[in-house]
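> So here's data-v8.csv (CSV, C-alpha atoms).
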chain,number,residue,atom,x,y,z
V,973,MET,CA,31.3,101.6,-19.7
V,974,ARG,CA,28.7,98.8,-20.0
V,975,ARG,CA,27.0,98.5,-23.3
V,976,PRO,CA,23.2,99.0,-23.0
V,977,SER,CA,21.3,95.7,-23.2
V,978,LYS,CA,18.7,95.3,-25.9
V,979,GLY,CA,16.7,93.1,-23.5
V,980,ARG,CA,15.4,89.6,-24.0
V,981,LYS,CA,14.8,88.9,-27.6
V,982,LYS,CA,11.3,87.7,-28.3
V,983,ILE,CA,11.2,84.4,-30.0
V,984,GLU,CA,9.0,84.1,-33.0
V,985,MET,CA,6.3,81.5,-32.5
V,986,LYS,CA,6.6,79.1,-35.4
V,987,ARG,CA,7.4,75.5,-35.9
V,988,ILE,CA,11.1,74.7,-35.5
V,989,ASN,CA,12.4,73.0,-38.6
V,990,ASN,CA,15.7,71.8,-37.2
V,991,ILE,CA,15.1,68.4,-35.6
V,992,SER,CA,17.8,68.8,-32.9
V,993,SER,CA,16.6,72.2,-31.9
V,994,LEU,CA,13.0,70.9,-31.9
V,995,LEU,CA,13.9,68.1,-29.5
V,996,VAL,CA,15.8,70.4,-27.2
V,997,ALA,CA,13.0,72.9,-27.1
V,998,PHE,CA,10.4,70.1,-26.3
V,999,SER,CA,12.6,68.7,-23.5
V,1000,LYS,CA,12.8,72.1,-21.8
V,1001,ARG,CA,9.3,73.2,-22.3
V,1002,HIS,CA,7.4,70.1,-21.4
V,1003,SER,CA,9.2,70.1,-18.1
V,1004,GLY,CA,8.2,73.7,-17.6
V,1005,VAL,CA,4.5,72.8,-18.4
V,1006,PHE,CA,4.5,70.0,-15.9
V,1007,LYS,CA,6.1,72.3,-13.3
V,1008,LYS,CA,3.5,75.0,-13.8
V,1009,ALA,CA,0.7,72.4,-13.6
V,1010,SER,CA,2.1,71.1,-10.3
V,1011,GLU,CA,2.3,74.6,-8.9
V,1012,MET,CA,-1.4,75.2,-9.9
V,1013,CYS,CA,-2.5,72.0,-8.2
V,1014,THR,CA,-0.7,72.9,-5.0
V,1015,LEU,CA,-1.8,76.6,-4.9
V,1016,CYS,CA,-5.3,76.2,-6.1
V,1017,GLY,CA,-6.2,72.6,-5.1
V,1018,VAL,CA,-7.2,71.7,-8.6
V,1019,GLU,CA,-7.1,68.2,-10.2
V,1020,MET,CA,-5.7,67.9,-13.7
V,1021,ALA,CA,-4.2,65.6,-16.2
V,1022,ILE,CA,-1.8,66.5,-19.0
V,1023,ILE,CA,-0.7,64.1,-21.8
V,1024,LEU,CA,1.9,65.0,-24.3
V,1025,PHE,CA,3.2,63.1,-27.4
V,1026,SER,CA,6.8,64.1,-28.3
V,1027,PRO,CA,7.9,64.6,-31.9
V,1028,THR,CA,9.4,61.0,-31.6
V,1029,LYS,CA,5.9,59.7,-30.6
V,1030,LYS,CA,6.9,59.2,-26.9
V,1031,VAL,CA,4.2,59.8,-24.3
V,1032,PHE,CA,4.7,62.1,-21.3
V,1033,SER,CA,2.0,62.7,-18.8
V,1034,PHE,CA,1.2,64.5,-15.5
V,1035,GLY,CA,-1.8,64.0,-13.3
V,1036,HIS,CA,-3.0,65.0,-9.9
V,1037,PRO,CA,-4.1,62.8,-8.2
V,1038,SER,CA,-3.4,60.6,-11.2
V,1039,VAL,CA,-4.0,60.7,-15.0
V,1040,GLN,CA,-6.2,57.6,-14.9
V,1041,THR,CA,-8.4,59.1,-12.1
V,1042,ILE,CA,-9.0,62.3,-14.0
V,1043,ILE,CA,-9.7,60.5,-17.3
V,1044,ASP,CA,-12.2,58.1,-15.6
V,1045,ARG,CA,-14.0,61.0,-14.0
V,1046,TYR,CA,-14.2,62.9,-17.3
V,1047,LEU,CA,-15.6,59.9,-19.2
V,1048,LYS,CA,-18.2,59.1,-16.5
V,1049,GLN,CA,-19.3,62.7,-16.4
V,1050,ASN,CA,-19.9,62.8,-20.2
V,1051,LEU,CA,-21.6,59.4,-20.3
V,1052,LEU,CA,-24.0,59.8,-17.4
V,1053,PRO,CA,-27.1,61.9,-18.2
V,1054,SER,CA,-28.3,64.5,-15.9
V,1055,ALA,CA,-30.9,63.6,-13.2
V,1056,ARG,CA,-33.6,65.5,-15.1
V,1057,THR,CA,-32.8,63.7,-18.3
V,1058,SER,CA,-32.7,60.4,-16.6
V,1059,GLN,CA,-36.2,61.0,-15.1
V,1060,LEU,CA,-37.6,61.9,-18.4
V,1061,VAL,CA,-36.1,58.9,-20.1
V,1062,GLN,CA,-37.4,56.6,-17.3
V,1063,HIS,CA,-40.9,58.1,-17.5
V,1064,TYR,CA,-41.0,57.6,-21.3
V,1065,ARG,CA,-39.9,54.0,-20.9
V,1066,ASN,CA,-42.6,53.3,-18.3
V,1067,THR,CA,-45.3,54.9,-20.4
V,1068,LYS,CA,-44.3,53.1,-23.5
V,1069,THR,CA,-44.1,49.8,-21.6
V,1070,GLN,CA,-47.6,50.3,-20.2
V,1071,GLU,CA,-49.0,51.1,-23.7
V,1072,LEU,CA,-47.3,48.0,-25.1
V,1073,ASN,CA,-48.7,45.9,-22.3
V,1074,VAL,CA,-52.2,47.1,-23.0
V,1075,GLN,CA,-51.8,46.4,-26.7
V,1076,LEU,CA,-50.5,43.0,-25.9
V,1077,THR,CA,-53.4,42.2,-23.6
V,1078,ASN,CA,-55.9,43.3,-26.3
V,1079,LEU,CA,-54.2,41.2,-28.9
V,1080,ARG,CA,-54.2,38.2,-26.7
V,1081,GLY,CA,-58.0,38.7,-26.0
V,1082,GLN,CA,-58.7,39.0,-29.7
V,1083,LEU,CA,-56.6,35.9,-30.4
V,1084,GLU,CA,-58.4,33.9,-27.7
V,1085,ALA,CA,-61.8,35.0,-29.1
V,1086,GLU,CA,-60.9,34.1,-32.6
V,1087,LYS,CA,-59.5,30.8,-31.5
V,1088,LYS,CA,-62.7,30.0,-29.6
V,1089,THR,CA,-64.9,30.9,-32.6
V,1090,SER,CA,-62.7,28.8,-34.8
V,1091,ASP,CA,-63.0,25.8,-32.4
V,1092,GLU,CA,-66.8,26.2,-32.3
V,1093,LEU,CA,-67.0,26.3,-36.1
V,1094,ASN,CA,-64.8,23.3,-36.4
V,1095,THR,CA,-67.0,21.4,-33.9
V,1096,ILE,CA,-70.2,22.3,-35.8
V,1097,ARG,CA,-68.6,21.4,-39.1
V,1098,LYS,CA,-67.4,18.1,-37.7
V,1099,ALA,CA,-70.8,17.3,-36.2
V,1100,ARG,CA,-72.5,18.0,-39.5
V,1101,GLN,CA,-70.1,15.8,-41.3
V,1102,GLU,CA,-70.7,13.0,-38.8
V,1103,SER,CA,-74.5,13.5,-38.9
V,1104,PHE,CA,-74.9,13.6,-42.6
V,1105,TRP,CA,-71.9,11.5,-43.7
V,1106,TRP,CA,-74.2,9.3,-46.0
V,1107,ASP,CA,-74.8,12.4,-48.2
V,1108,SER,CA,-71.1,12.3,-49.2
V,1109,PRO,CA,-70.1,10.6,-52.5
V,1110,ILE,CA,-69.9,6.8,-51.9
V,1111,GLU,CA,-66.2,6.8,-53.1
V,1112,ASN,CA,-65.4,9.1,-50.2
V,1113,LEU,CA,-66.8,6.8,-47.6
V,1114,GLY,CA,-64.6,4.5,-45.5
V,1115,VAL,CA,-65.0,0.8,-44.8
V,1116,GLU,CA,-66.8,1.4,-41.5
V,1117,GLN,CA,-69.1,4.0,-43.1
V,1118,LEU,CA,-69.9,1.6,-45.9
V,1119,GLU,CA,-70.8,-1.2,-43.5
V,1120,LYS,CA,-73.1,1.2,-41.6
V,1121,LEU,CA,-74.7,2.3,-45.0
V,1122,LYS,CA,-75.3,-1.4,-45.9
V,1123,VAL,CA,-77.1,-2.0,-42.6
V,1124,MET,CA,-79.2,1.1,-43.0
V,1125,MET,CA,-80.2,0.0,-46.6
V,1126,LEU,CA,-81.2,-3.4,-45.3
V,1127,ASP,CA,-83.2,-1.9,-42.5
V,1128,LEU,CA,-84.8,0.4,-45.1
V,1129,LYS,CA,-85.7,-2.6,-47.3
V,1130,ASN,CA,-87.2,-4.5,-44.4
V,1131,ASN,CA,-89.2,-1.5,-43.3
V,1132,SER,CA,-90.5,-0.9,-46.8
V,1133,ILE,CA,-91.6,-4.6,-47.1
V,1134,ASN,CA,-93.4,-4.4,-43.7
V,1135,GLN,CA,-95.0,-1.2,-44.6
V,1136,ALA,CA,-96.2,-2.6,-48.0
V,1137,GLU,CA,-97.7,-5.6,-46.3
V,1138,LYS,CA,-99.5,-3.3,-43.8
V,1139,ILE,CA,-101.0,-1.3,-46.7
V,1140,VAL,CA,-102.1,-4.5,-48.5
V,1141,MET,CA,-103.8,-5.8,-45.3
V,1142,ALA,CA,-105.5,-2.5,-44.8
V,1143,GLU,CA,-106.8,-2.4,-48.3
V,1144,ALA,CA,-108.0,-6.0,-48.0
V,1145,ALA,CA,-109.9,-5.2,-44.8
V,1146,ASN,CA,-111.5,-2.2,-46.5
V,1147,LEU,CA,-112.5,-4.5,-49.4
V,1148,THR,CA,-114.4,-6.9,-47.2
V,1149,GLU,CA,-116.5,-4.0,-45.8
V,1150,VAL,CA,-117.8,-3.0,-49.2
V,1151,LEU,CA,-118.5,-6.4,-50.7
V,1152,PRO,CA,-122.2,-7.6,-50.4
V,1153,MET,CA,-122.6,-10.4,-47.9
V,1154,CYS,CA,-124.1,-13.7,-48.9
V,1155,GLY,CA,-126.1,-15.2,-46.0
V,1156,SER,CA,-126.4,-13.8,-42.6
V,1157,THR,CA,-122.8,-14.0,-41.5
V,1158,TRP,CA,-119.3,-14.4,-43.1
V,1159,LEU,CA,-116.0,-15.6,-42.0
V,1160,GLY,CA,-112.7,-14.3,-43.3
V,1161,GLY,CA,-109.5,-16.1,-44.0
V,1162,ILE,CA,-106.2,-15.7,-45.7
V,1163,GLY,CA,-105.6,-17.7,-48.9
V,1164,PRO,CA,-102.4,-19.0,-50.4
V,1165,SER,CA,-101.8,-15.8,-52.4
V,1166,GLY,CA,-101.8,-13.7,-49.3
V,1167,ILE,CA,-105.1,-12.0,-50.2
V,1168,GLY,CA,-108.0,-12.5,-48.0
V,1169,HIS,CA,-110.6,-15.0,-49.2
V,1170,LYS,CA,-114.1,-14.6,-47.9
V,1171,PHE,CA,-115.8,-17.7,-46.6
V,1172,PHE,CA,-119.5,-17.5,-46.0
V,1173,LYS,CA,-121.8,-19.5,-43.8
V,1174,ASN,CA,-123.3,-21.1,-46.9
V,1175,PRO,CA,-120.8,-24.0,-47.6
V,1176,HIS,CA,-121.7,-24.1,-51.2
V,1177,MET,CA,-120.7,-20.5,-51.9
V,1178,VAL,CA,-117.1,-19.3,-51.5
V,1179,LEU,CA,-115.8,-16.0,-53.1
V,1180,GLY,CA,-113.1,-17.0,-55.5
V,1181,HIS,CA,-113.8,-20.7,-55.2
V,1182,ARG,CA,-117.3,-21.6,-56.3
V,1183,SER,CA,-118.7,-25.0,-55.5
V,1184,PHE,CA,-122.3,-26.1,-55.8
What would you get if you wrote out this structure as structure tokens?


Amino acid sequence: MRRPSKGRKKIEMKRINNISSLLVAFSKRHSGVFKKASEMCTLCGVEMAIILFSPTKKVFSFGHPSVQTIIDRYLKQNLLPSARTSQLVQHYRNTKTQELNVQLTNLRGQLEAEKKTSDELNTIRKARQESFWWDSPIENLGVEQLEKLKVMMLDLKNNSINQAEKIVMAEAANLTEVLPMCGSTWLGGIGPSGIGHKFFKNPHMVLGHRSF
């Protein structure tokens, strides 16, 4: 009479401490995992990749159509944003770029205006310095400016002398008009001193030189 079977004993799920038993269990079970994965790909048409690292740090993998294809697709899907997100990002970039371009244009306009104003002020300042350079301290003048100043001073001296002579002549002319006349007519002349001597028709009477 057959002894009644107790059935398949359930294995407790915990880490196997014995190294030999652990390696045997991994060898059997990883093959079973790959077999089940292959069956799922065939029956359901799925694409998958499985990567296992053994207790001895060896790599085992299964992939359909290939591990690399599945990994690349996974990475690209996570890196690429959605279409909506991409549109929002692009719109933000375009708006920000337009704002920056407007600010840049305004800054360039302000810079050009300030540069133009600065150039005009420098031109005016330079013109004033060139027009009134003789007002500067003499020790600040150059050789060319000193030569010009010398010529100007000489011209001023000559003009002053000429003007003084004109004034003397005018005063002498006025003097002859107020002096009383001796005789019916008088003649005027210039003496050695530069002051007019009055010669009258009477040869025995001369203003300044009397002879009888």

> Env of V:Ala1009: 9 Å cut, atoms = all atoms listed in the file, seq-sep filter 4 positions within chain, self excluded. Answer as an NGL selection string.

:V and (1004-1005 or 1013-1014 or 1020-1022 or 1034-1035)

> Work out how far atom CA of V:Glu1019 is from atom CA of V:Phe1032, in Å to one decimal.

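These two atoms are separated by 17.3 Å.
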
> Which distance in Å separates atom CA of V:Leu1015 and atom CA of V:His1036, to one decimal?

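Calculated distance between atom CA of V:Leu1015 and atom CA of V:His1036 is 12.7 Å.
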
> Which is closest to V:Lys1030 among V:Phe998, V:Asp1091, V:Gln1082, V:Ile1096, if we use only C-alpha atoms?

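Using only C-alpha atoms, the shortest distance to V:Lys1030 belongs to V:Phe998.
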
> Please indicate the distance in Å from atom CA of V:Leu1024 to atom CA of V:Lys982, rounded to one decimal place.

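Distance reported for this atom pair: 24.9 Å.
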